[in-house]
Amino acid sequence: MTNELLSELLETSANACDAFIKSEMALNDGDALTSQKFSKNGQTLMKALILDTFNEVEEAIGENIQETFDIDYPNIMELIRALNQISMYLGSYIGAEEDVVKNIAIKNLFKAINTSKEIYLALFEN
């Protein structure tokens, strides 16, 4: 995976995560308009990830086992968690020196990608 692709995945997933967090914070403050604005921003970033970046990652790395992490039910907080896990496992992959560790990080990275995609589709494309 190229540094450019790693950066794109990290930046876009982190920005989507940030947008959804800001949306939830605004909602908790009773500011529905600001919440909606940040939610739309997060949705736009998720669409870009799903239609472009996630596919590029799969092409660069190889086989996606199509597994997901267990969740109780699709909600924004689970989506935020899955997006955060993408960053976390990407960091593990970048920092790994042994192939065994890289393989574990990739497996978990794909699970986080698949989970975030599944939750997004259930919440916003259904």
# chains A, B, ... in the order shown; residues from 1 in each chain; ligands from 1
>>> residues_around(residues="region 123-125 of chain A", least_positions_apart="2", cutoff="8 Å", atoms="only C-alpha atoms", output="ChimeraX atom specification")
/A:43,74-75,119-121
>>> residues_around(residues="Gly42 (chain A)", least_positions_apart="3", cutoff="6 Å", atoms="only C-alpha atoms", output="ChimeraX atom specification")
/A:16,19-20,39,45
>>> closest_residue(among="A:Met1, A:Leu49, A:Ala26, A:Ile21", to="Leu79 (chain A)", atoms="only C-alpha atoms")
A:Ile21
>>> closest_residue(among="A:Ser23, A:Leu90, A:Ala112, A:Lys117", to="Ser7 (chain A)", atoms="only C-alpha atoms")
A:Leu90
>>> decode(residues="region 65-77 of chain A", atoms="all heavy atoms", output="mmCIF file, in the first residue's frame")
data_model
loop_
_atom_site.group_PDB
_atom_site.id
_atom_site.type_symbol
_atom_site.label_atom_id
_atom_site.label_comp_id
_atom_site.auth_asym_id
_atom_site.auth_seq_id
_atom_site.Cartn_x
_atom_site.Cartn_y
_atom_site.Cartn_z
ATOM 1 N N ILE A 65 -11.713 -10.458 3.626
ATOM 2 C CA ILE A 65 -12.447 -11.639 4.089
ATOM 3 C C ILE A 65 -13.922 -11.360 4.370
ATOM 4 O O ILE A 65 -14.676 -12.259 4.711
ATOM 5 C CB ILE A 65 -11.776 -12.239 5.346
ATOM 6 C CG1 ILE A 65 -11.623 -11.163 6.416
ATOM 7 C CG2 ILE A 65 -10.449 -12.877 4.995
ATOM 8 C CD1 ILE A 65 -11.112 -11.659 7.737
ATOM 9 N N GLN A 66 -14.336 -10.105 4.247
ATOM 10 C CA GLN A 66 -15.729 -9.679 4.411
ATOM 11 C C GLN A 66 -16.287 -9.914 5.811
ATOM 12 O O GLN A 66 -17.488 -9.970 5.992
ATOM 13 C CB GLN A 66 -16.639 -10.353 3.366
ATOM 14 C CG GLN A 66 -16.289 -10.042 1.927
ATOM 15 C CD GLN A 66 -16.315 -8.555 1.599
ATOM 16 O OE1 GLN A 66 -17.168 -7.829 2.073
ATOM 17 N NE2 GLN A 66 -15.366 -8.107 0.804
ATOM 18 N N GLU A 67 -15.430 -10.051 6.804
ATOM 19 C CA GLU A 67 -15.887 -10.166 8.194
ATOM 20 C C GLU A 67 -16.107 -8.776 8.770
ATOM 21 O O GLU A 67 -15.519 -7.797 8.307
ATOM 22 C CB GLU A 67 -14.853 -10.896 9.048
ATOM 23 C CG GLU A 67 -14.722 -12.371 8.751
ATOM 24 C CD GLU A 67 -13.699 -13.048 9.658
ATOM 25 O OE1 GLU A 67 -13.313 -12.466 10.688
ATOM 26 O OE2 GLU A 67 -13.284 -14.155 9.310
ATOM 27 N N THR A 68 -16.958 -8.708 9.789
ATOM 28 C CA THR A 68 -17.198 -7.457 10.500
ATOM 29 C C THR A 68 -17.043 -7.693 11.998
ATOM 30 O O THR A 68 -17.059 -8.830 12.456
ATOM 31 C CB THR A 68 -18.618 -6.919 10.236
ATOM 32 O OG1 THR A 68 -19.569 -7.889 10.682
ATOM 33 C CG2 THR A 68 -18.840 -6.610 8.772
ATOM 34 N N PHE A 69 -16.905 -6.604 12.747
ATOM 35 C CA PHE A 69 -16.938 -6.692 14.197
ATOM 36 C C PHE A 69 -18.396 -6.763 14.630
ATOM 37 O O PHE A 69 -19.277 -6.210 13.963
ATOM 38 C CB PHE A 69 -16.258 -5.465 14.833
ATOM 39 C CG PHE A 69 -14.770 -5.436 14.650
ATOM 40 C CD1 PHE A 69 -14.169 -4.484 13.857
ATOM 41 C CD2 PHE A 69 -13.960 -6.368 15.291
ATOM 42 C CE1 PHE A 69 -12.799 -4.449 13.684
ATOM 43 C CE2 PHE A 69 -12.588 -6.358 15.118
ATOM 44 C CZ PHE A 69 -12.004 -5.398 14.321
ATOM 45 N N ASP A 70 -18.655 -7.449 15.722
ATOM 46 C CA ASP A 70 -20.016 -7.556 16.248
ATOM 47 C C ASP A 70 -20.471 -6.216 16.805
ATOM 48 O O ASP A 70 -19.720 -5.548 17.525
ATOM 49 C CB ASP A 70 -20.088 -8.612 17.357
ATOM 50 C CG ASP A 70 -19.877 -10.023 16.832
ATOM 51 O OD1 ASP A 70 -20.180 -10.267 15.648
ATOM 52 O OD2 ASP A 70 -19.414 -10.873 17.607
ATOM 53 N N ILE A 71 -21.698 -5.854 16.469
ATOM 54 C CA ILE A 71 -22.321 -4.661 17.036
ATOM 55 C C ILE A 71 -23.729 -5.042 17.480
ATOM 56 O O ILE A 71 -24.324 -5.976 16.940
ATOM 57 C CB ILE A 71 -22.375 -3.483 16.032
ATOM 58 C CG1 ILE A 71 -23.171 -3.871 14.786
ATOM 59 C CG2 ILE A 71 -20.990 -3.012 15.655
ATOM 60 C CD1 ILE A 71 -23.519 -2.693 13.909
ATOM 61 N N ASP A 72 -24.251 -4.324 18.472
ATOM 62 C CA ASP A 72 -25.610 -4.595 18.930
ATOM 63 C C ASP A 72 -26.626 -4.193 17.870
ATOM 64 O O ASP A 72 -27.487 -4.965 17.492
ATOM 65 C CB ASP A 72 -25.901 -3.863 20.246
ATOM 66 C CG ASP A 72 -25.122 -4.449 21.412
ATOM 67 O OD1 ASP A 72 -24.778 -5.639 21.363
ATOM 68 O OD2 ASP A 72 -24.850 -3.701 22.359
ATOM 69 N N TYR A 73 -26.553 -2.964 17.421
ATOM 70 C CA TYR A 73 -27.414 -2.469 16.351
ATOM 71 C C TYR A 73 -26.731 -1.252 15.728
ATOM 72 O O TYR A 73 -25.962 -0.557 16.393
ATOM 73 C CB TYR A 73 -28.823 -2.120 16.854
ATOM 74 C CG TYR A 73 -28.845 -1.061 17.924
ATOM 75 C CD1 TYR A 73 -29.029 0.277 17.598
ATOM 76 C CD2 TYR A 73 -28.679 -1.391 19.273
ATOM 77 C CE1 TYR A 73 -29.031 1.258 18.580
ATOM 78 C CE2 TYR A 73 -28.682 -0.412 20.263
ATOM 79 C CZ TYR A 73 -28.867 0.903 19.906
ATOM 80 O OH TYR A 73 -28.869 1.875 20.870
ATOM 81 N N PRO A 74 -27.011 -0.986 14.462
ATOM 82 C CA PRO A 74 -26.352 0.144 13.791
ATOM 83 C C PRO A 74 -26.783 1.480 14.411
ATOM 84 O O PRO A 74 -27.973 1.755 14.540
ATOM 85 C CB PRO A 74 -26.846 0.051 12.350
ATOM 86 C CG PRO A 74 -27.439 -1.294 12.201
ATOM 87 C CD PRO A 74 -27.872 -1.734 13.551
ATOM 88 N N ASN A 75 -25.815 2.263 14.821
ATOM 89 C CA ASN A 75 -26.076 3.616 15.310
ATOM 90 C C ASN A 75 -24.821 4.456 15.079
ATOM 91 O O ASN A 75 -23.759 3.935 14.759
ATOM 92 C CB ASN A 75 -26.520 3.612 16.784
ATOM 93 C CG ASN A 75 -25.478 3.052 17.719
ATOM 94 O OD1 ASN A 75 -24.372 3.588 17.823
ATOM 95 N ND2 ASN A 75 -25.803 1.965 18.408
ATOM 96 N N ILE A 76 -24.973 5.747 15.260
ATOM 97 C CA ILE A 76 -23.866 6.670 14.974
ATOM 98 C C ILE A 76 -22.643 6.383 15.849
ATOM 99 O O ILE A 76 -21.506 6.431 15.370
ATOM 100 C CB ILE A 76 -24.320 8.135 15.140
ATOM 101 C CG1 ILE A 76 -25.322 8.511 14.051
ATOM 102 C CG2 ILE A 76 -23.131 9.089 15.101
ATOM 103 C CD1 ILE A 76 -24.739 8.507 12.642
ATOM 104 N N MET A 77 -22.856 6.072 17.102
ATOM 105 C CA MET A 77 -21.705 5.816 17.979
ATOM 106 C C MET A 77 -20.928 4.579 17.530
ATOM 107 O O MET A 77 -19.702 4.559 17.596
ATOM 108 C CB MET A 77 -22.147 5.693 19.441
ATOM 109 C CG MET A 77 -22.681 7.000 20.020
ATOM 110 S SD MET A 77 -21.558 8.413 19.822
ATOM 111 C CE MET A 77 -20.235 7.954 20.914
#
